[in-house]
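input-v7.cif follows; it contains mmCIF, C-alpha atoms and all ligand atoms.
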```cif
data_upload
loop_
_atom_site.group_PDB
_atom_site.id
_atom_site.type_symbol
_atom_site.label_atom_id
_atom_site.label_comp_id
_atom_site.auth_asym_id
_atom_site.auth_seq_id
_atom_site.Cartn_x
_atom_site.Cartn_y
_atom_site.Cartn_z
ATOM 1 C CA MET M 1 -16.292 8.539 -8.586
ATOM 2 C CA LYS M 2 -13.175 6.419 -8.693
ATOM 3 C CA LEU M 3 -9.891 7.924 -7.531
ATOM 4 C CA THR M 4 -6.610 6.297 -8.554
ATOM 5 C CA ILE M 5 -3.378 7.445 -6.988
ATOM 6 C CA VAL M 6 -0.969 7.489 -9.935
ATOM 7 C CA GLY M 7 1.804 9.433 -8.210
ATOM 8 C CA CYS M 8 1.997 10.582 -4.606
ATOM 9 C CA SER M 9 5.673 11.387 -4.138
ATOM 10 C CA GLY M 10 6.244 14.903 -2.835
ATOM 11 C CA SER M 11 8.598 17.420 -4.444
ATOM 12 C CA PHE M 12 10.381 14.813 -6.580
ATOM 13 C CA PRO M 13 9.703 11.231 -7.707
ATOM 14 C CA GLY M 14 10.464 8.484 -5.202
ATOM 15 C CA PRO M 15 11.630 4.894 -5.656
ATOM 16 C CA ASP M 16 8.049 3.619 -5.447
ATOM 17 C CA SER M 17 5.998 6.427 -6.948
ATOM 18 C CA PRO M 18 6.019 9.175 -9.553
ATOM 19 C CA ALA M 19 5.484 12.749 -8.422
ATOM 20 C CA SER M 20 1.984 14.257 -8.155
ATOM 21 C CA CYS M 21 -0.748 12.701 -10.337
ATOM 22 C CA TYR M 22 -4.293 11.513 -9.651
ATOM 23 C CA LEU M 23 -6.887 9.996 -11.967
ATOM 24 C CA VAL M 24 -10.557 10.735 -11.249
ATOM 25 C CA GLU M 25 -13.151 8.731 -13.180
ATOM 26 C CA HIS M 26 -16.925 8.824 -13.365
ATOM 27 C CA ASP M 27 -19.383 7.516 -15.914
ATOM 28 C CA GLY M 28 -16.725 6.906 -18.583
ATOM 29 C CA HIS M 29 -15.079 10.314 -18.162
ATOM 30 C CA ARG M 30 -11.576 10.923 -16.853
ATOM 31 C CA LEU M 31 -9.840 13.878 -15.246
ATOM 32 C CA VAL M 32 -6.121 13.932 -14.504
ATOM 33 C CA LEU M 33 -5.112 16.100 -11.557
ATOM 34 C CA ASP M 34 -1.449 17.113 -11.992
ATOM 35 C CA LEU M 35 1.073 15.305 -14.167
ATOM 36 C CA GLY M 36 4.374 15.366 -12.287
ATOM 37 C CA ASN M 37 7.718 13.721 -13.073
ATOM 38 C CA GLY M 38 7.323 10.091 -14.098
ATOM 39 C CA ALA M 39 3.536 10.088 -13.907
ATOM 40 C CA LEU M 40 2.811 9.607 -17.600
ATOM 41 C CA GLY M 41 4.242 6.084 -17.541
ATOM 42 C CA VAL M 42 2.170 4.825 -14.626
ATOM 43 C CA LEU M 43 -0.915 6.706 -15.814
ATOM 44 C CA GLN M 44 -1.001 4.427 -18.866
ATOM 45 C CA VAL M 45 -1.549 1.437 -16.574
ATOM 46 C CA TYR M 46 -4.900 2.955 -15.603
ATOM 47 C CA ALA M 47 -6.046 5.040 -18.577
ATOM 48 C CA ASP M 48 -5.669 5.117 -22.330
ATOM 49 C CA LEU M 49 -4.044 8.454 -23.118
ATOM 50 C CA ARG M 50 -6.717 9.000 -25.805
ATOM 51 C CA ALA M 51 -9.472 8.740 -23.208
ATOM 52 C CA ILE M 52 -8.652 11.681 -20.935
ATOM 53 C CA ASP M 53 -11.138 14.568 -20.820
ATOM 54 C CA ALA M 54 -8.841 17.189 -19.251
ATOM 55 C CA VAL M 55 -5.659 17.738 -17.264
ATOM 56 C CA LEU M 56 -5.962 20.089 -14.291
ATOM 57 C CA LEU M 57 -2.764 21.527 -12.844
ATOM 58 C CA SER M 58 -2.787 22.660 -9.212
ATOM 59 C CA HIS M 59 0.266 24.859 -9.799
ATOM 60 C CA LEU M 60 3.302 25.101 -12.023
ATOM 61 C CA HIS M 61 6.063 23.565 -9.910
ATOM 62 C CA LEU M 62 7.911 20.851 -11.805
ATOM 63 C CA ASP M 63 6.768 17.966 -9.591
ATOM 64 C CA HIS M 64 3.184 18.782 -10.687
ATOM 65 C CA VAL M 65 3.627 19.532 -14.406
ATOM 66 C CA ALA M 66 6.827 17.922 -15.736
ATOM 67 C CA ASP M 67 5.155 15.139 -17.711
ATOM 68 C CA VAL M 68 2.790 17.471 -19.573
ATOM 69 C CA GLY M 69 5.753 17.833 -21.948
ATOM 70 C CA SER M 70 5.833 14.065 -22.412
ATOM 71 C CA LEU M 71 2.073 13.960 -22.943
ATOM 72 C CA TYR M 72 2.556 16.488 -25.748
ATOM 73 C CA VAL M 73 4.867 14.058 -27.543
ATOM 74 C CA ALA M 74 2.531 11.111 -26.987
ATOM 75 C CA ARG M 75 -0.476 12.972 -28.387
ATOM 76 C CA LYS M 76 1.271 14.812 -31.224
ATOM 77 C CA TYR M 77 3.005 11.774 -32.706
ATOM 78 C CA HIS M 78 0.310 9.190 -31.992
ATOM 79 C CA PRO M 79 0.096 6.556 -34.775
ATOM 80 C CA GLU M 80 -3.551 7.517 -35.335
ATOM 81 C CA GLY M 81 -2.402 11.060 -36.062
ATOM 82 C CA PRO M 82 -2.385 14.023 -33.682
ATOM 83 C CA LEU M 83 -5.138 13.626 -31.111
ATOM 84 C CA PRO M 84 -7.743 16.381 -30.600
ATOM 85 C CA ALA M 85 -6.639 19.336 -28.495
ATOM 86 C CA LEU M 86 -6.826 18.330 -24.852
ATOM 87 C CA PRO M 87 -7.891 20.911 -22.242
ATOM 88 C CA VAL M 88 -4.931 21.639 -19.943
ATOM 89 C CA ILE M 89 -6.161 23.917 -17.195
ATOM 90 C CA GLY M 90 -3.864 25.662 -14.754
ATOM 91 C CA PRO M 91 -2.881 28.939 -13.117
ATOM 92 C CA ARG M 92 -2.251 32.106 -15.094
ATOM 93 C CA GLY M 93 0.721 31.594 -17.393
ATOM 94 C CA VAL M 94 0.177 27.873 -17.815
ATOM 95 C CA ALA M 95 0.712 27.916 -21.603
ATOM 96 C CA ASP M 96 4.003 29.844 -21.428
ATOM 97 C CA ARG M 97 5.258 27.624 -18.625
ATOM 98 C CA ILE M 98 4.603 24.372 -20.448
ATOM 99 C CA VAL M 99 5.944 25.648 -23.776
ATOM 100 C CA THR M 100 9.110 26.957 -22.105
ATOM 101 C CA MET M 101 9.579 23.731 -20.197
ATOM 102 C CA TYR M 102 9.347 21.736 -23.414
ATOM 103 C CA SER M 103 11.587 24.349 -25.125
ATOM 104 C CA ASP M 104 11.418 22.922 -28.624
ATOM 105 C CA SER M 105 8.088 24.349 -29.625
ATOM 106 C CA SER M 106 6.068 27.487 -29.969
ATOM 107 C CA THR M 107 2.851 28.320 -28.179
ATOM 108 C CA ALA M 108 1.017 28.071 -31.497
ATOM 109 C CA ALA M 109 2.357 24.585 -32.249
ATOM 110 C CA MET M 110 1.518 23.306 -28.802
ATOM 111 C CA ALA M 111 -1.947 24.869 -28.987
ATOM 112 C CA GLU M 112 -2.805 22.295 -31.664
ATOM 113 C CA ILE M 113 -2.292 19.565 -29.091
ATOM 114 C CA PHE M 114 -3.324 21.312 -25.864
ATOM 115 C CA ASP M 115 -6.244 23.668 -25.306
ATOM 116 C CA PHE M 116 -4.610 25.738 -22.571
ATOM 117 C CA ARG M 117 -7.044 27.426 -20.196
ATOM 118 C CA GLU M 118 -6.671 29.250 -16.918
ATOM 119 C CA HIS M 119 -8.593 28.206 -13.835
ATOM 120 C CA THR M 120 -11.976 29.790 -13.264
ATOM 121 C CA ALA M 121 -13.774 29.623 -9.943
ATOM 122 C CA GLU M 122 -16.137 26.944 -11.215
ATOM 123 C CA GLN M 123 -16.415 24.990 -14.441
ATOM 124 C CA GLN M 124 -18.140 21.927 -15.816
ATOM 125 C CA ILE M 125 -16.056 19.228 -17.513
ATOM 126 C CA GLY M 126 -18.253 16.358 -18.661
ATOM 127 C CA PRO M 127 -20.040 15.131 -15.539
ATOM 128 C CA PHE M 128 -17.537 16.830 -13.214
ATOM 129 C CA THR M 129 -18.174 20.134 -11.488
ATOM 130 C CA VAL M 130 -14.762 21.565 -10.692
ATOM 131 C CA THR M 131 -14.149 24.439 -8.293
ATOM 132 C CA VAL M 132 -10.798 25.849 -7.238
ATOM 133 C CA SER M 133 -9.489 28.070 -4.466
ATOM 134 C CA ARG M 134 -6.151 29.847 -3.993
ATOM 135 C CA MET M 135 -3.863 28.223 -1.464
ATOM 136 C CA ARG M 136 -0.773 29.212 0.561
ATOM 137 C CA HIS M 137 2.388 28.388 -1.394
ATOM 138 C CA PRO M 138 5.358 30.333 -2.823
ATOM 139 C CA VAL M 139 3.739 30.334 -6.286
ATOM 140 C CA THR M 140 0.093 30.666 -7.314
ATOM 141 C CA ALA M 141 -1.441 27.356 -6.282
ATOM 142 C CA TYR M 142 -4.958 26.003 -6.121
ATOM 143 C CA ALA M 143 -6.906 23.362 -4.273
ATOM 144 C CA THR M 144 -9.376 21.560 -6.527
ATOM 145 C CA ARG M 145 -12.820 20.265 -5.578
ATOM 146 C CA VAL M 146 -14.333 17.713 -7.944
ATOM 147 C CA GLU M 147 -17.993 16.717 -7.687
ATOM 148 C CA ALA M 148 -19.892 14.126 -9.715
ATOM 149 C CA GLY M 149 -22.696 11.675 -9.078
ATOM 150 C CA GLY M 150 -23.500 13.313 -5.760
ATOM 151 C CA ARG M 151 -19.997 12.678 -4.370
ATOM 152 C CA SER M 152 -17.076 15.027 -3.840
ATOM 153 C CA LEU M 153 -13.353 15.047 -3.278
ATOM 154 C CA VAL M 154 -10.863 17.845 -2.657
ATOM 155 C CA PHE M 155 -7.212 17.771 -3.677
ATOM 156 C CA SER M 156 -5.181 20.319 -1.747
ATOM 157 C CA GLY M 157 -2.309 20.641 -4.212
ATOM 158 C CA ASP M 158 0.648 22.145 -2.361
ATOM 159 C CA THR M 159 -0.211 24.445 0.514
ATOM 160 C CA GLY M 160 0.488 25.426 4.061
ATOM 161 C CA PRO M 161 -2.428 25.307 6.481
ATOM 162 C CA THR M 162 -5.101 27.852 5.532
ATOM 163 C CA ASP M 163 -8.767 28.566 6.146
ATOM 164 C CA ALA M 164 -9.251 28.579 2.374
ATOM 165 C CA LEU M 165 -8.510 24.845 2.314
ATOM 166 C CA ILE M 166 -11.006 24.193 5.092
ATOM 167 C CA ASP M 167 -13.638 26.247 3.266
ATOM 168 C CA ILE M 168 -13.333 24.473 -0.072
ATOM 169 C CA THR M 169 -13.214 21.065 1.620
ATOM 170 C CA ARG M 170 -16.183 21.515 3.935
ATOM 171 C CA GLY M 171 -18.667 18.658 3.567
ATOM 172 C CA ALA M 172 -16.611 16.726 0.990
ATOM 173 C CA ASP M 173 -16.570 12.950 1.065
ATOM 174 C CA LEU M 174 -12.808 12.660 0.694
ATOM 175 C CA ALA M 175 -9.860 14.977 1.339
ATOM 176 C CA LEU M 176 -6.662 14.304 -0.588
ATOM 177 C CA PHE M 177 -4.285 16.503 1.368
ATOM 178 C CA GLU M 178 -0.592 17.049 1.106
ATOM 179 C CA ALA M 179 1.586 16.080 4.080
ATOM 180 C CA SER M 180 5.084 17.052 3.027
ATOM 181 C CA PHE M 181 6.639 17.730 6.402
ATOM 182 C CA LEU M 182 7.042 16.036 9.730
ATOM 183 C CA THR M 183 6.764 18.273 12.779
ATOM 184 C CA GLU M 184 10.309 17.679 13.956
ATOM 185 C CA GLU M 185 11.932 18.723 10.683
ATOM 186 C CA VAL M 186 10.192 22.121 10.673
ATOM 187 C CA ALA M 187 10.180 22.757 14.429
ATOM 188 C CA HIS M 188 12.820 25.484 14.065
ATOM 189 C CA VAL M 189 11.161 27.206 11.077
ATOM 190 C CA VAL M 190 7.457 26.790 11.792
ATOM 191 C CA ASP M 191 6.264 30.067 10.280
ATOM 192 C CA GLU M 192 8.344 29.802 7.110
ATOM 193 C CA ALA M 193 7.313 26.175 6.577
ATOM 194 C CA ALA M 194 3.627 27.020 6.921
ATOM 195 C CA ASP M 195 3.894 29.261 3.864
ATOM 196 C CA ILE M 196 4.974 26.268 1.788
ATOM 197 C CA HIS M 197 3.578 22.912 2.940
ATOM 198 C CA MET M 198 1.669 21.173 5.737
ATOM 199 C CA THR M 199 2.915 18.658 8.249
ATOM 200 C CA ALA M 200 0.953 15.412 8.516
ATOM 201 C CA ALA M 201 -0.479 16.691 11.806
ATOM 202 C CA GLN M 202 -1.595 19.954 10.202
ATOM 203 C CA ALA M 203 -3.196 18.145 7.261
ATOM 204 C CA ALA M 204 -5.139 15.920 9.640
ATOM 205 C CA ALA M 205 -6.249 18.893 11.731
ATOM 206 C CA GLN M 206 -7.431 20.749 8.619
ATOM 207 C CA ALA M 207 -9.435 17.702 7.509
ATOM 208 C CA THR M 208 -11.077 17.518 10.930
ATOM 209 C CA LEU M 209 -12.036 21.202 10.791
ATOM 210 C CA ALA M 210 -13.535 20.630 7.323
ATOM 211 C CA GLY M 211 -15.628 17.746 8.609
ATOM 212 C CA VAL M 212 -14.613 15.143 6.009
ATOM 213 C CA GLY M 213 -15.041 11.421 6.628
ATOM 214 C CA GLN M 214 -12.004 10.159 4.746
ATOM 215 C CA LEU M 215 -8.506 11.586 4.556
ATOM 216 C CA VAL M 216 -5.815 10.464 2.152
ATOM 217 C CA LEU M 217 -2.387 11.921 2.869
ATOM 218 C CA THR M 218 -0.220 12.507 -0.180
ATOM 219 C CA HIS M 219 2.738 14.517 -1.584
ATOM 220 C CA LEU M 220 4.868 12.300 0.644
ATOM 221 C CA VAL M 221 8.550 13.199 0.522
ATOM 222 C CA PRO M 222 10.601 10.018 0.034
ATOM 223 C CA TRP M 223 12.854 10.585 3.054
ATOM 224 C CA ASN M 224 9.930 10.668 5.510
ATOM 225 C CA PRO M 225 9.016 7.205 6.886
ATOM 226 C CA VAL M 226 5.362 6.357 6.170
ATOM 227 C CA SER M 227 4.970 5.078 9.730
ATOM 228 C CA ASP M 228 5.989 8.499 11.088
ATOM 229 C CA ILE M 229 3.551 10.302 8.773
ATOM 230 C CA GLU M 230 0.675 8.102 9.924
ATOM 231 C CA ALA M 231 1.653 8.362 13.605
ATOM 232 C CA GLU M 232 1.716 12.165 13.438
ATOM 233 C CA ALA M 233 -1.635 12.427 11.671
ATOM 234 C CA ARG M 234 -3.661 9.890 13.622
ATOM 235 C CA PRO M 235 -4.224 11.895 16.865
ATOM 236 C CA HIS M 236 -5.696 14.765 14.827
ATOM 237 C CA PHE M 237 -8.262 12.872 12.710
ATOM 238 C CA ASP M 238 -10.945 10.418 13.840
ATOM 239 C CA GLY M 239 -12.193 9.270 10.415
ATOM 240 C CA SER M 240 -10.767 6.896 7.848
ATOM 241 C CA LEU M 241 -7.080 7.738 7.365
ATOM 242 C CA VAL M 242 -5.159 6.383 4.392
ATOM 243 C CA ILE M 243 -1.556 6.989 3.363
ATOM 244 C CA ALA M 244 -1.363 7.314 -0.421
ATOM 245 C CA ARG M 245 0.662 4.902 -2.535
ATOM 246 C CA SER M 246 0.958 4.591 -6.273
ATOM 247 C CA GLY M 247 -1.714 2.206 -7.569
ATOM 248 C CA LEU M 248 -4.168 2.710 -4.731
ATOM 249 C CA VAL M 249 -7.771 2.872 -6.004
ATOM 250 C CA ILE M 250 -10.493 4.396 -3.847
ATOM 251 C CA ASP M 251 -14.221 4.483 -4.513
ATOM 252 C CA VAL M 252 -15.376 7.930 -3.480
HETATM 253 ZN ZN ZN P 301 4.900 19.704 -4.928
HETATM 254 ZN ZN ZN P 302 4.749 23.283 -5.076
#
```

So, in terms of structure tokens, how does the structure I just supplied come out?
Amino acid sequence: MKLTIVGCSGSFPGPDSPASCYLVEHDGHRLVLDLGNGALGVLQVYADLRAIDAVLLSHLHLDHVADVGSLYVARKYHPEGPLPALPVIGPRGVADRIVTMYSDSSTAAMAEIFDFREHTAEQQIGPFTVTVSRMRHPVTAYATRVEAGGRSLVFSGDTGPTDALIDITRGADLALFEASFLTEEVAHVVDEAADIHMTAAQAAAQATLAGVGQLVLTHLVPWNPVSDIEAEARPHFDGSLVIARSGLVIDV
């Protein structure tokens, strides 16, 4: 599989990256994991918008779904005519959320462009076997494991540290884990923070417990220095550690 980091900025777009979006390719098929603010523009550098098999949404916070509304426009008014309904798979309520966000449409109209589906524990999309698991976040949120060609990656979505993330990641080739916080900024609210996001140190420790060989830290909040994120994670993970940046391509 080929993983392209389209957007890795956490919670809102940064000066150098859109919010959450990842392109996973294998054997001519393409999955998009999340489509946060600003991601649709950069996504077009790496994929023709007609050539996407499905969009999978980890959860319905704006920094993970905002540009689904823009994708609706791009597909509905395409010069070749409206493109075939694209599977958009997310938590319960995904259709209402996207329609409401776009505001100028009805569920029926948008259903001509998007085939809204809710996550199931496991599904097959082209060559990809996709499994999901509930995470620890203020809204319903999922980690996503994608397997194809004998390789596997796990995207945490947004989550605090949880055994469920370790379980779904166990034995994967690559962990794409969120690292929204630095330890110092949450030192006075450790318990509350752990119900929302991970620190870089926690993400690294979770990856170690899952036994993965490669860790990519993402959902990086623009005010956190990259050097601090890497320094916090390094003591907790012995494998290959990469800090995500928009445009990074990784062979999984
Ligand atoms: Zn987020
Ligand atoms: Zn979130």

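Remark: for ligand ZN 301 (chain P), the closest of the candidate residues M:Ile5, M:Ala111, M:Leu23, M:Leu60 is M:Leu60 (distances computed over all atoms listed in the file).
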
For this structure, which residues satisfy the selection - the PyMOL selection byres (((chain M and resi 240) around 12) and not hetatm) - when it is evaluated on the file as given? I want them as a VMD selection string. chain M and resid 173 to 176 204 207 to 208 211 to 217 230 233 to 234 236 to 239 241 to 243 250

Given the PyMOL selection byres (((chain M and resi 246) around 9) and not hetatm), the residues it picks as a list in words: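 For this structure, the PyMOL selection byres (((chain M and resi 246) around 9) and not hetatm) resolves to Thr4, Ile5, Val6, Gly7, Cys8, Ser9, Asp16, Ser17, Pro18, Val42, Ala244, Arg245, Gly247, Leu248 and Val249 of chain M.
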
Rounded to one decimal, what separation in Å do you get between atom CA of Tyr77 of chain M and atom CA of Phe114 of chain M?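 According to the coordinates, atom CA of Tyr77 of chain M and atom CA of Phe114 of chain M are separated by 13.3 Å.
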
Distance in Å - atom CA of Tyr142 of chain M versus atom CA of Leu165 of chain M: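 Between atom CA of Tyr142 of chain M and atom CA of Leu165 of chain M the gap works out to 9.2 Å.
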
What residues of the protein or nucleic acid chains come within 10 Å of ligand ZN 302 (chain P) when you use all atoms listed in the file? Reply as a ChimeraX atom specification. /M:10-11,20,58-64,136-141,157-159,196-197,219

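Here the question is which of M:Asp228, M:Asp34, M:Asp27, M:Asp67 gets nearest to ligand ZN 301 (chain P) using only C-alpha atoms and all ligand atoms, and that residue is M:Asp34.
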
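Residues matching the PyMOL selection byres (((chain M and resi 89) around 9) and not hetatm) in this structure come to Ala54, Val55, Leu56, Leu57, Ser58, Pro87, Val88, Gly90, Pro91, Val94, Asp115, Phe116, Arg117, Glu118 and His119 of chain M.
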
Determine, counting all atoms listed in the file, which protein, DNA and RNA residues have an atom within 8 Å of an atom of Val24 of chain M; residues of the same chain fewer than 6 positions away are not included. Present the result as a count of residues only. 8

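Considering the residues M:Ala164, M:Ala179, M:Leu153, M:Ala108 and counting only C-alpha atoms, Tyr22 of chain M has its shortest atom-to-atom contact with M:Leu153.
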
Which value, in Å to one decimal, gives the distance between atom CA of Thr162 of chain M and atom CA of Arg145 of chain M?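 Here the two named atoms are 15.5 Å from each other.
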